[in-house]
file structure03.txt (compact mmCIF, C-alpha atoms)
# COMPACT_ATOMS: atom_id res chain seq x y z
CA MET A 9 13.35 25.84 -10.91
CA PRO A 10 17.01 26.95 -10.65
CA PRO A 11 19.26 25.39 -8.01
CA ILE A 12 18.99 27.03 -4.59
CA ARG A 13 22.07 27.06 -2.43
CA LEU A 14 21.86 24.91 0.67
CA PHE A 15 22.92 27.52 3.22
CA ALA A 16 20.05 29.80 2.27
CA LEU A 17 17.46 27.21 3.16
CA PHE A 18 18.59 24.77 5.79
CA ALA A 19 21.60 24.15 7.95
CA LEU A 20 24.83 22.69 6.64
CA ALA A 21 25.28 18.94 6.55
CA ILE A 22 28.12 17.84 8.83
CA VAL A 23 30.02 14.94 7.29
CA LEU A 24 32.27 13.20 9.79
CA PRO A 25 35.45 11.24 8.98
CA ALA A 26 33.69 7.90 9.44
CA ALA A 27 31.92 8.43 6.10
CA ASN A 28 34.62 6.84 3.95
CA ILE A 29 32.52 4.02 2.51
CA ALA A 30 31.62 4.51 -1.14
CA SER A 31 28.13 5.96 -1.42
CA ALA A 32 26.92 3.09 -3.60
CA GLU A 33 27.58 0.70 -0.71
CA LYS A 34 25.63 2.66 1.86
CA LEU A 35 21.96 2.62 1.06
CA ALA A 36 19.32 0.17 -0.06
CA ASP A 37 16.00 1.00 -1.66
CA TRP A 38 13.30 1.72 0.92
CA PRO A 39 10.55 3.29 -1.22
CA LYS A 40 7.90 3.85 1.45
CA TRP A 41 7.38 4.24 5.17
CA ARG A 42 7.19 0.55 6.18
CA GLY A 43 9.51 -0.72 3.46
CA PRO A 44 8.95 -2.43 0.10
CA ASP A 45 6.42 -4.97 1.42
CA ASP A 46 4.78 -2.92 4.20
CA THR A 47 6.20 -5.11 6.98
CA GLY A 48 8.68 -2.77 8.67
CA SER A 49 11.26 -5.50 8.14
CA SER A 50 14.50 -5.88 6.17
CA PRO A 51 16.79 -8.87 5.51
CA LEU A 52 19.88 -6.70 5.99
CA VAL A 53 22.26 -7.88 8.72
CA GLY A 54 25.21 -6.27 10.46
CA LEU A 55 23.55 -2.94 11.24
CA PRO A 56 24.90 -0.99 14.21
CA ILE A 57 23.72 -1.92 17.69
CA GLU A 58 25.36 0.72 19.85
CA TRP A 59 26.78 4.00 18.67
CA SER A 60 28.11 7.30 19.87
CA ASP A 61 29.09 10.57 18.21
CA GLU A 62 32.13 9.04 16.50
CA LYS A 63 29.91 6.45 14.82
CA VAL A 64 27.64 9.08 13.31
CA GLN A 65 28.80 8.95 9.70
CA TRP A 66 27.02 12.21 8.99
CA LYS A 67 24.16 14.37 10.17
CA THR A 68 22.17 16.95 8.29
CA GLU A 69 20.34 19.65 10.20
CA LEU A 70 16.88 20.31 8.78
CA SER A 71 15.26 23.72 8.84
CA GLY A 72 12.09 22.90 10.75
CA LYS A 73 10.28 20.27 12.78
CA GLY A 74 9.21 17.12 10.96
CA CYS A 75 8.03 13.62 11.87
CA SER A 76 7.86 11.82 8.51
CA THR A 77 10.05 8.81 7.75
CA PRO A 78 12.61 9.31 4.93
CA ILE A 79 12.63 7.03 1.91
CA VAL A 80 15.54 5.86 -0.25
CA TRP A 81 15.64 5.20 -3.97
CA GLN A 82 18.77 4.48 -6.03
CA ASN A 83 21.02 5.90 -3.33
CA THR A 84 19.09 9.15 -2.97
CA ILE A 85 17.30 10.06 0.26
CA TYR A 86 14.01 11.91 0.12
CA VAL A 87 12.61 13.58 3.22
CA THR A 88 9.87 16.14 3.87
CA ALA A 89 10.49 19.11 6.15
CA PRO A 90 9.41 22.75 6.31
CA ILE A 91 11.70 25.36 4.75
CA ASP A 92 11.10 28.97 5.77
CA GLY A 93 7.54 28.14 6.79
CA LYS A 94 6.71 26.25 3.59
CA ASP A 95 6.11 22.55 3.00
CA ALA A 96 9.09 21.05 1.18
CA LEU A 97 10.59 17.88 -0.24
CA ILE A 98 14.37 17.61 0.12
CA ALA A 99 16.64 15.25 -1.82
CA LEU A 100 20.02 14.27 -0.34
CA ASP A 101 22.81 12.06 -1.59
CA ALA A 102 24.11 9.07 0.38
CA ASP A 103 26.49 11.37 2.29
CA GLY A 104 23.70 13.64 3.44
CA LYS A 105 24.55 16.46 1.03
CA SER A 106 21.79 18.46 -0.61
CA LEU A 107 20.90 17.66 -4.21
CA TRP A 108 17.76 19.79 -4.53
CA ASN A 109 14.59 20.81 -2.77
CA VAL A 110 11.07 21.69 -3.87
CA GLN A 111 8.93 24.08 -1.85
CA PHE A 112 5.15 24.15 -1.95
CA GLY A 113 2.63 26.33 -0.10
CA SER A 114 2.63 27.53 3.48
CA GLU A 115 3.10 24.93 6.19
CA ASN A 116 0.26 24.05 8.55
CA PRO A 117 2.38 23.13 11.58
CA GLY A 118 1.42 20.36 13.97
CA LYS A 119 -0.32 20.95 17.28
CA HIS A 120 0.54 17.72 19.11
CA ARG A 121 3.92 17.63 20.86
CA ASN A 122 4.82 14.70 18.59
CA GLY A 123 3.25 16.12 15.47
CA SER A 124 4.24 18.35 12.57
CA GLY A 125 2.95 19.65 9.27
CA CYS A 126 4.78 16.80 7.52
CA ASN A 127 3.77 13.68 9.42
CA ALA A 128 2.91 11.84 6.20
CA SER A 129 5.89 10.02 4.70
CA PRO A 130 6.80 10.28 1.01
CA THR A 131 6.66 7.32 -1.36
CA THR A 132 8.11 6.62 -4.81
CA ASP A 133 7.50 4.42 -7.84
CA GLY A 134 10.99 5.07 -9.17
CA GLU A 135 9.79 7.83 -11.51
CA HIS A 136 8.24 10.32 -9.11
CA VAL A 137 8.19 10.99 -5.40
CA PHE A 138 4.70 11.59 -3.99
CA VAL A 139 4.19 13.74 -0.91
CA TYR A 140 1.32 14.90 1.27
CA PHE A 141 1.23 17.60 3.98
CA LYS A 142 -1.21 18.66 6.68
CA SER A 143 -1.81 21.83 4.66
CA GLY A 144 -3.58 19.65 2.09
CA THR A 145 -0.87 19.70 -0.58
CA LEU A 146 -0.58 16.45 -2.54
CA ALA A 147 2.16 16.52 -5.17
CA ALA A 148 4.33 14.47 -7.50
CA VAL A 149 7.97 15.45 -8.07
CA ASP A 150 10.29 13.76 -10.54
CA LEU A 151 13.71 12.49 -9.50
CA GLN A 152 15.40 15.64 -10.79
CA GLY A 153 13.31 17.88 -8.55
CA LYS A 154 10.72 19.10 -11.06
CA THR A 155 7.11 19.23 -9.87
CA ALA A 156 4.97 17.15 -12.22
CA TRP A 157 1.69 18.20 -10.60
CA LYS A 158 0.20 19.32 -7.33
CA THR A 159 -3.25 19.82 -5.86
CA ASN A 160 -4.67 20.72 -2.47
CA LEU A 161 -7.11 18.26 -0.94
CA VAL A 162 -8.19 20.65 1.83
CA GLU A 163 -9.17 23.25 -0.74
CA ARG A 164 -10.92 20.64 -2.90
CA TYR A 165 -12.72 18.63 -0.25
CA GLY A 166 -12.74 20.83 2.85
CA PRO A 167 -10.64 20.78 6.02
CA ASP A 168 -10.21 17.62 8.03
CA THR A 169 -11.75 17.55 11.48
CA LEU A 170 -9.16 15.35 13.17
CA PHE A 171 -8.50 16.27 16.77
CA TRP A 172 -4.77 15.94 16.07
CA ASP A 173 -2.35 16.15 13.15
CA HIS A 174 -2.83 14.30 9.88
CA GLY A 175 -0.96 10.99 9.85
CA THR A 176 -2.02 9.00 6.78
CA SER A 177 0.67 8.64 4.10
CA PRO A 178 0.03 8.38 0.35
CA VAL A 179 0.16 4.87 -1.13
CA LEU A 180 0.80 3.75 -4.69
CA THR A 181 -1.04 1.27 -6.84
CA GLN A 182 -0.06 0.37 -10.39
CA ASN A 183 -1.72 3.49 -11.82
CA PHE A 184 -2.69 5.73 -8.94
CA VAL A 185 -1.57 7.53 -5.82
CA VAL A 186 -4.21 6.95 -3.16
CA MET A 187 -5.13 9.06 -0.14
CA ALA A 188 -7.51 8.26 2.70
CA ARG A 189 -9.33 10.74 4.91
CA MET A 190 -11.15 9.38 7.93
CA HIS A 191 -12.69 11.85 10.35
CA GLU A 192 -16.01 13.18 11.62
CA GLY A 193 -17.83 14.30 8.50
CA GLU A 194 -17.35 13.07 4.95
CA SER A 195 -14.71 10.34 5.02
CA TRP A 196 -13.36 9.00 1.77
CA LEU A 197 -10.74 7.06 -0.18
CA ALA A 198 -9.53 8.70 -3.39
CA ALA A 199 -7.18 7.78 -6.23
CA PHE A 200 -5.29 10.23 -8.43
CA ASP A 201 -3.51 9.47 -11.70
CA LYS A 202 0.21 9.20 -10.93
CA ALA A 203 1.21 10.95 -14.15
CA THR A 204 -1.27 13.83 -14.19
CA GLY A 205 -2.83 14.15 -10.73
CA GLU A 206 -6.32 13.90 -12.22
CA LEU A 207 -8.93 12.32 -9.94
CA ALA A 208 -9.58 8.74 -11.07
CA TRP A 209 -12.12 7.78 -8.41
CA LYS A 210 -13.32 8.84 -4.99
CA VAL A 211 -15.54 6.71 -2.76
CA ALA A 212 -17.27 7.61 0.49
CA ARG A 213 -16.23 5.69 3.58
CA ASN A 214 -18.61 6.78 6.32
CA TYR A 215 -19.49 4.84 9.45
CA GLU A 216 -21.44 5.87 12.54
CA THR A 217 -19.17 5.49 15.56
CA PRO A 218 -18.73 6.81 19.10
CA VAL A 219 -16.88 10.14 19.48
CA GLU A 220 -13.42 10.16 17.79
CA CYS A 221 -13.69 6.51 16.75
CA ASP A 222 -14.22 7.69 13.17
CA HIS A 223 -10.90 9.55 13.24
CA GLY A 224 -8.18 7.70 11.34
CA TYR A 225 -4.41 8.13 11.07
CA SER A 226 -3.46 4.72 9.67
CA THR A 227 -2.25 4.18 6.10
CA PRO A 228 -3.93 1.83 3.57
CA VAL A 229 -2.00 -1.25 2.48
CA VAL A 230 -1.91 -2.48 -1.12
CA ILE A 231 -2.62 -6.22 -1.31
CA ASP A 232 -3.49 -8.88 -3.85
CA PHE A 233 -7.02 -9.97 -3.01
CA GLN A 234 -8.45 -12.83 -5.03
CA GLY A 235 -6.20 -11.96 -7.97
CA GLU A 236 -7.03 -8.24 -7.95
CA GLU A 237 -4.83 -5.36 -6.87
CA SER A 238 -6.71 -4.04 -3.84
CA LEU A 239 -6.53 -1.57 -0.96
CA LEU A 240 -6.85 -2.78 2.61
CA THR A 241 -8.07 0.19 4.64
CA TRP A 242 -8.57 0.45 8.40
CA GLY A 243 -10.61 3.18 10.04
CA GLY A 244 -14.07 4.09 11.28
CA GLU A 245 -14.07 0.79 13.22
CA HIS A 246 -14.14 -1.09 9.90
CA LEU A 247 -11.55 -2.98 7.91
CA THR A 248 -12.40 -2.74 4.20
CA ILE A 249 -11.05 -3.96 0.89
CA HIS A 250 -11.51 -1.88 -2.28
CA HIS A 251 -10.56 -2.67 -5.88
CA ALA A 252 -7.59 -0.48 -6.75
CA LYS A 253 -8.82 0.23 -10.28
CA THR A 254 -12.27 1.52 -9.34
CA GLY A 255 -12.43 2.00 -5.58
CA GLN A 256 -15.36 -0.42 -5.42
CA LEU A 257 -15.95 -1.84 -1.94
CA VAL A 258 -15.77 -5.63 -2.16
CA TRP A 259 -15.25 -6.75 1.46
CA SER A 260 -15.77 -5.32 4.93
CA CYS A 261 -15.37 -6.39 8.54
CA GLY A 262 -16.69 -4.55 11.60
CA GLY A 263 -17.30 -5.39 15.22
CA PHE A 264 -14.03 -4.01 16.59
CA ASN A 265 -15.63 -1.99 19.41
CA PRO A 266 -18.77 -3.83 20.56
CA GLU A 267 -18.76 -2.02 23.92
CA GLY A 268 -19.05 1.36 22.20
CA ASN A 269 -15.98 2.89 23.81
CA LYS A 270 -15.32 6.55 23.01
CA LEU A 271 -12.07 8.28 22.01
CA TRP A 272 -10.62 5.30 20.16
CA PRO A 273 -9.10 6.71 16.93
CA THR A 274 -7.33 4.31 14.55
CA ILE A 275 -3.60 4.97 14.44
CA ALA A 276 -1.50 1.81 14.03
CA THR A 277 -1.46 0.51 10.43
CA PRO A 278 -2.46 -3.16 9.93
CA VAL A 279 0.04 -5.83 8.93
CA VAL A 280 -0.72 -8.81 6.72
CA VAL A 281 0.81 -12.31 6.89
CA GLY A 282 -0.58 -14.69 4.28
CA ASP A 283 -4.36 -14.33 4.38
CA VAL A 284 -4.47 -12.88 7.90
CA ALA A 285 -4.63 -9.19 8.76
CA VAL A 286 -3.75 -8.13 12.31
CA ILE A 287 -5.48 -5.02 13.64
CA ALA A 288 -4.36 -3.13 16.73
CA TYR A 289 -7.10 -1.02 18.26
CA GLY A 290 -8.27 0.24 21.63
CA ARG A 291 -6.23 2.45 23.94
CA ASN A 292 -3.14 0.50 24.91
CA ASP A 293 -1.69 3.79 26.16
CA ARG A 294 -4.43 3.77 28.83
CA GLY A 295 -4.27 0.06 29.58
CA ILE A 296 -7.21 -0.87 27.31
CA PRO A 297 -5.60 -2.79 24.42
CA ARG A 298 -7.45 -4.67 21.70
CA LEU A 299 -5.81 -6.90 19.10
CA HIS A 300 -7.68 -8.72 16.33
CA GLY A 301 -6.89 -11.35 13.72
CA VAL A 302 -9.09 -11.32 10.58
CA ARG A 303 -9.03 -13.74 7.64
CA LEU A 304 -8.87 -12.03 4.25
CA ALA A 305 -11.26 -14.17 2.22
CA GLY A 306 -14.82 -14.15 0.97
CA ALA A 307 -16.88 -11.13 -0.08
CA GLY A 308 -19.35 -8.63 1.32
CA ASP A 309 -19.77 -8.19 5.08
CA VAL A 310 -17.62 -10.86 6.76
CA THR A 311 -17.93 -9.55 10.33
CA GLU A 312 -19.60 -12.74 11.56
CA THR A 313 -17.47 -15.23 9.61
CA ASN A 314 -13.87 -14.02 9.28
CA ARG A 315 -12.83 -13.02 12.75
CA LEU A 316 -10.17 -15.53 13.80
CA TRP A 317 -9.20 -14.34 17.27
CA ASP A 318 -9.03 -11.30 19.50
CA ARG A 319 -7.07 -10.35 22.60
CA ASP A 320 -7.50 -7.70 25.27
CA ASP A 321 -4.20 -8.17 27.10
CA ILE A 322 -1.69 -6.88 24.52
CA GLY A 323 -1.77 -4.18 21.87
CA THR A 324 -0.44 -0.87 20.64
CA PHE A 325 -2.07 2.51 20.24
CA VAL A 326 0.45 4.41 18.08
CA PRO A 327 3.39 2.23 16.86
CA SER A 328 2.54 -0.12 13.99
CA PRO A 329 3.52 -3.81 14.25
CA ALA A 330 6.34 -5.39 12.23
CA VAL A 331 6.63 -8.81 10.56
CA TYR A 332 9.67 -11.08 10.66
CA GLN A 333 9.76 -14.71 9.48
CA ASP A 334 5.95 -14.95 9.47
CA LYS A 335 5.63 -13.84 13.08
CA ILE A 336 4.35 -10.44 14.22
CA TYR A 337 6.28 -8.23 16.62
CA LEU A 338 4.47 -5.66 18.67
CA VAL A 339 6.18 -2.82 20.54
CA GLY A 340 3.62 -1.38 22.91
CA ASP A 341 3.34 2.29 23.79
CA LYS A 342 5.18 1.71 27.08
CA GLY A 343 7.86 -0.62 25.70
CA LYS A 344 6.39 -4.10 26.13
CA VAL A 345 7.51 -6.33 23.25
CA THR A 346 5.45 -9.33 22.12
CA CYS A 347 6.09 -11.92 19.41
CA PHE A 348 2.96 -13.79 18.38
CA ASP A 349 1.57 -16.11 15.72
CA PRO A 350 -0.80 -14.20 13.38
CA ALA A 351 -2.85 -17.31 12.55
CA THR A 352 -3.77 -18.10 16.15
CA GLY A 353 -2.98 -14.91 18.06
CA LYS A 354 -0.99 -16.96 20.57
CA THR A 355 2.10 -15.44 22.17
CA VAL A 356 5.45 -16.97 21.25
CA TRP A 357 7.40 -14.87 23.76
CA GLU A 358 7.27 -11.58 25.62
CA GLY A 359 9.93 -9.09 26.63
CA ALA A 360 10.18 -5.45 27.60
CA PHE A 361 12.44 -2.48 27.20
CA PRO A 362 13.37 -0.64 30.42
CA LYS A 363 10.51 1.28 32.03
CA HIS A 364 10.48 4.99 31.29
CA ARG A 365 7.95 7.82 31.42
CA SER A 366 8.45 8.52 27.68
CA ARG A 367 6.28 6.62 25.19
CA TYR A 368 6.89 4.89 21.87
CA TYR A 369 5.44 6.79 18.91
CA GLY A 370 7.65 5.81 15.98
CA SER A 371 7.11 2.35 14.50
CA SER A 372 9.89 -0.17 14.95
CA LEU A 373 12.23 -1.68 12.35
CA ILE A 374 13.44 -5.27 12.25
CA ALA A 375 16.66 -5.85 10.31
CA GLY A 376 18.12 -9.35 10.18
CA GLY A 377 16.56 -10.33 13.49
CA THR A 378 17.49 -7.11 15.31
CA LEU A 379 14.68 -4.86 16.53
CA TYR A 380 15.11 -1.06 16.55
CA ALA A 381 12.46 0.82 18.53
CA PRO A 382 12.48 4.64 18.66
CA ARG A 383 11.18 6.24 21.86
CA GLU A 384 9.71 9.73 21.75
CA ASP A 385 12.57 11.20 23.82
CA GLY A 386 15.11 10.20 21.15
CA ILE A 387 16.37 6.94 22.64
CA ILE A 388 16.73 4.15 20.07
CA LEU A 389 16.41 0.82 21.86
CA VAL A 390 17.86 -2.29 20.26
CA ALA A 391 17.12 -5.96 20.93
CA ASP A 392 17.94 -9.34 19.41
CA ILE A 393 14.63 -11.09 18.72
CA ARG A 394 15.77 -14.21 16.88
CA GLU A 395 15.32 -16.57 19.85
CA GLY A 396 13.30 -14.60 22.34
CA PHE A 397 14.03 -11.12 23.62
CA GLN A 398 17.59 -10.03 24.40
CA MET A 399 18.26 -6.37 25.11
CA LEU A 400 21.33 -5.13 23.21
CA GLY A 401 21.61 -1.38 23.70
CA GLU A 402 20.22 2.12 24.12
CA ASN A 403 21.33 5.03 21.95
CA ASP A 404 20.54 8.68 22.64
CA MET A 405 19.95 10.88 19.58
CA HIS A 406 19.55 13.98 21.82
CA GLN A 407 16.29 15.01 20.16
CA SER A 408 12.84 13.56 19.74
CA VAL A 409 12.49 10.71 17.22
CA ILE A 410 8.99 10.01 15.89
CA ALA A 411 9.95 8.67 12.45
CA SER A 412 10.77 5.00 11.84
CA PRO A 413 14.39 3.84 11.35
CA VAL A 414 15.43 3.13 7.75
CA PRO A 415 17.96 0.34 7.04
CA GLY A 416 21.04 0.42 4.85
CA PRO A 417 23.96 -2.02 4.48
CA GLY A 418 25.86 -1.54 7.72
CA CYS A 419 24.06 1.69 8.59
CA LEU A 420 20.82 3.22 9.76
CA LEU A 421 19.06 6.41 8.77
CA LEU A 422 17.40 8.01 11.79
CA ARG A 423 15.24 11.07 11.41
CA GLY A 424 14.96 13.22 14.50
CA THR A 425 12.46 16.06 14.55
CA GLU A 426 15.27 18.47 13.58
CA THR A 427 18.11 16.34 12.18
CA LEU A 428 18.67 13.44 9.80
CA PHE A 429 21.40 11.07 11.02
CA CYS A 430 23.30 8.25 9.38
CA VAL A 431 24.91 5.93 11.93
CA GLY A 432 27.25 3.06 11.16
CA LYS A 433 29.27 0.39 12.91
call {"tool": "encode", "arguments": {"input": "structure03.txt", "output": "structure tokens"}}
result
Amino acid sequence: MPPIRLFALFALAIVLPAANIASAEKLADWPKWRGPDDTGSSPLVGLPIEWSDEKVQWKTELSGKGCSTPIVWQNTIYVTAPIDGKDALIALDADGKSLWNVQFGSENPGKHRNGSGCNASPTTDGEHVFVYFKSGTLAAVDLQGKTAWKTNLVERYGPDTLFWDHGTSPVLTQNFVVMARMHEGESWLAAFDKATGELAWKVARNYETPVECDHGYSTPVVIDFQGEESLLTWGGEHLTIHHAKTGQLVWSCGGFNPEGNKLWPTIATPVVVGDVAVIAYGRNDRGIPRLHGVRLAGAGDVTETNRLWDRDDIGTFVPSPAVYQDKIYLVGDKGKVTCFDPATGKTVWEGAFPKHRSRYYGSSLIAGGTLYAPREDGIILVADIREGFQMLGENDMHQSVIASPVPGPGCLLLRGTETLFCVGK
């Protein structure tokens, strides 16, 4: 595909004078939505706490609404966004300038106020970038912008029946790119060869649940389970573990909604610390939180044996938890912040961001003991969490922010629904 000039497709990147640091010093690899180890945490220190327009190193206006989190690999930024009504993957250099873009089929735009046709975040193995869109397009693109393969999962397996916009991102195992679909109807987990896109395996994942409780927006997590590369998958009121090579179900845990509550979709992605998985469920946005600790051991149905603890006083509906120094940090939908021990479920400390009518949709980032929490109205709230909760600042991006912050040495990438920002100290 020949190069396409930037101005024909999306708005010009504005590079401000603050961007004088050499590009190689700006960005660190962040190959998937929640970072290299799926914790939403980075060891980087010295990232900005408060900023204003003069501290925006650059900003690149995108051509359409998007909610996916960018990724970074070898100083190149990859972000999905619509271009002229089509799904697209855009590559930018460390100064926010366009390198290339690849356009796919027509966009299926989001219907939720905080949704889009590109909610799913890209991921990379260092050879290809893998993308998924609400339209059903699943594709692999090499680092020079050439499409290696693409397929459409809606055309192959039928439309999803989710009440809202698709949210699950693709995940990578050693050999495959894996997608999950959890909805009313035929739910499944499927693996596609990373090099060719050929289907390697597809397994049904169907559970009888109350209305909407079989709808899933969370993303599987790749783990080592008993020496085997495995996929930890949450949805349909069940936590399951599947062998990555074959998709075989080897472990399952249910019992997350014994009261049979309706309208409880799974949204927040689990986090794992050691052999404990923490599951946020319920409707924290409506004051009905549920939080569960499950031990990852054994085989078969472990519902009666592996549940370590559960709580009904804290939780999150949309934002996924983060891990820092073996503790879990939960930013609730209304801004309550809780640090707790994953082994016991006991609270270490609690704090809260200022009350506001806007909710928290994007998942938080922890970088070097500093917590960055995006609120749906575009305010990025910052707190020191090293020894309890200490509020540090509020920063207004002047547009909605649903994506998660991405860390770089001394800077942050922040994706608004219309603009990608790089802010520095």
call {"tool": "residues_around", "arguments": {"input": "structure03.txt", "residues": "stretch 72-84 of chain A", "least_positions_apart": "2", "cutoff": "6 Å", "atoms": "all atoms listed in the file", "output": "list in words"}}
result
Leu35, Asp37, Trp38, Pro39, Lys40, Trp41, Leu70, Tyr86, Val87, Ala89, Pro90, Leu100, Asp101, Ala102, Ser124, Cys126, Asn127, Ala128, Ser129, Ile410, Ala411, Ser412, Thr425 and Glu426 of chain A
call {"tool": "write_last_selection", "arguments": {"input": "structure03.txt", "atoms": "C-alpha atoms", "output": "PDB file, in the frame of the given file"}}
result
ATOM      1  CA  LEU A  35      21.960   2.620   1.060  1.00  0.00           C
ATOM      2  CA  ASP A  37      16.000   1.000  -1.660  1.00  0.00           C
ATOM      3  CA  TRP A  38      13.300   1.720   0.920  1.00  0.00           C
ATOM      4  CA  PRO A  39      10.550   3.290  -1.220  1.00  0.00           C
ATOM      5  CA  LYS A  40       7.900   3.850   1.450  1.00  0.00           C
ATOM      6  CA  TRP A  41       7.380   4.240   5.170  1.00  0.00           C
ATOM      7  CA  LEU A  70      16.880  20.310   8.780  1.00  0.00           C
ATOM      8  CA  TYR A  86      14.010  11.910   0.120  1.00  0.00           C
ATOM      9  CA  VAL A  87      12.610  13.580   3.220  1.00  0.00           C
ATOM     10  CA  ALA A  89      10.490  19.110   6.150  1.00  0.00           C
ATOM     11  CA  PRO A  90       9.410  22.750   6.310  1.00  0.00           C
ATOM     12  CA  LEU A 100      20.020  14.270  -0.340  1.00  0.00           C
ATOM     13  CA  ASP A 101      22.810  12.060  -1.590  1.00  0.00           C
ATOM     14  CA  ALA A 102      24.110   9.070   0.380  1.00  0.00           C
ATOM     15  CA  SER A 124       4.240  18.350  12.570  1.00  0.00           C
ATOM     16  CA  CYS A 126       4.780  16.800   7.520  1.00  0.00           C
ATOM     17  CA  ASN A 127       3.770  13.680   9.420  1.00  0.00           C
ATOM     18  CA  ALA A 128       2.910  11.840   6.200  1.00  0.00           C
ATOM     19  CA  SER A 129       5.890  10.020   4.700  1.00  0.00           C
ATOM     20  CA  ILE A 410       8.990  10.010  15.890  1.00  0.00           C
ATOM     21  CA  ALA A 411       9.950   8.670  12.450  1.00  0.00           C
ATOM     22  CA  SER A 412      10.770   5.000  11.840  1.00  0.00           C
ATOM     23  CA  THR A 425      12.460  16.060  14.550  1.00  0.00           C
ATOM     24  CA  GLU A 426      15.270  18.470  13.580  1.00  0.00           C
TER      25      GLU A 426
END
call {"tool": "atom_distance", "arguments": {"input": "structure03.txt", "atom1": "atom CA of A:His174", "atom2": "atom CA of A:Val219"}}
result
17.5 Å
call {"tool": "atom_distance", "arguments": {"input": "structure03.txt", "atom1": "atom CA of A:Ser114", "atom2": "atom CA of A:Gly93"}}
result
6.0 Å
call {"tool": "atom_distance", "arguments": {"input": "structure03.txt", "atom1": "atom CA of A:Trp108", "atom2": "atom CA of A:Val137"}}
result
13.0 Å
call {"tool": "closest_residue", "arguments": {"input": "structure03.txt", "among": "A:Phe429, A:Phe171, A:Phe141, A:Tyr165", "to": "A:Lys119", "atoms": "all atoms listed in the file"}}
result
A:Phe171
call {"tool": "axis_aligned_box", "arguments": {"input": "structure03.txt", "around": "stretch 95-109 of chain A", "padding_each_side": "6 Å", "output": "lines of an AutoDock Vina configuration file"}}
result
center_x = 16.3
center_y = 15.8
center_z = -0.5
size_x = 32.4
size_y = 25.5
size_z = 20.0
call {"tool": "closest_residue", "arguments": {"input": "structure03.txt", "among": "A:Gly54, A:Trp209, A:Pro218, A:Lys202", "to": "A:Gly255", "atoms": "only C-alpha atoms"}}
result
A:Trp209
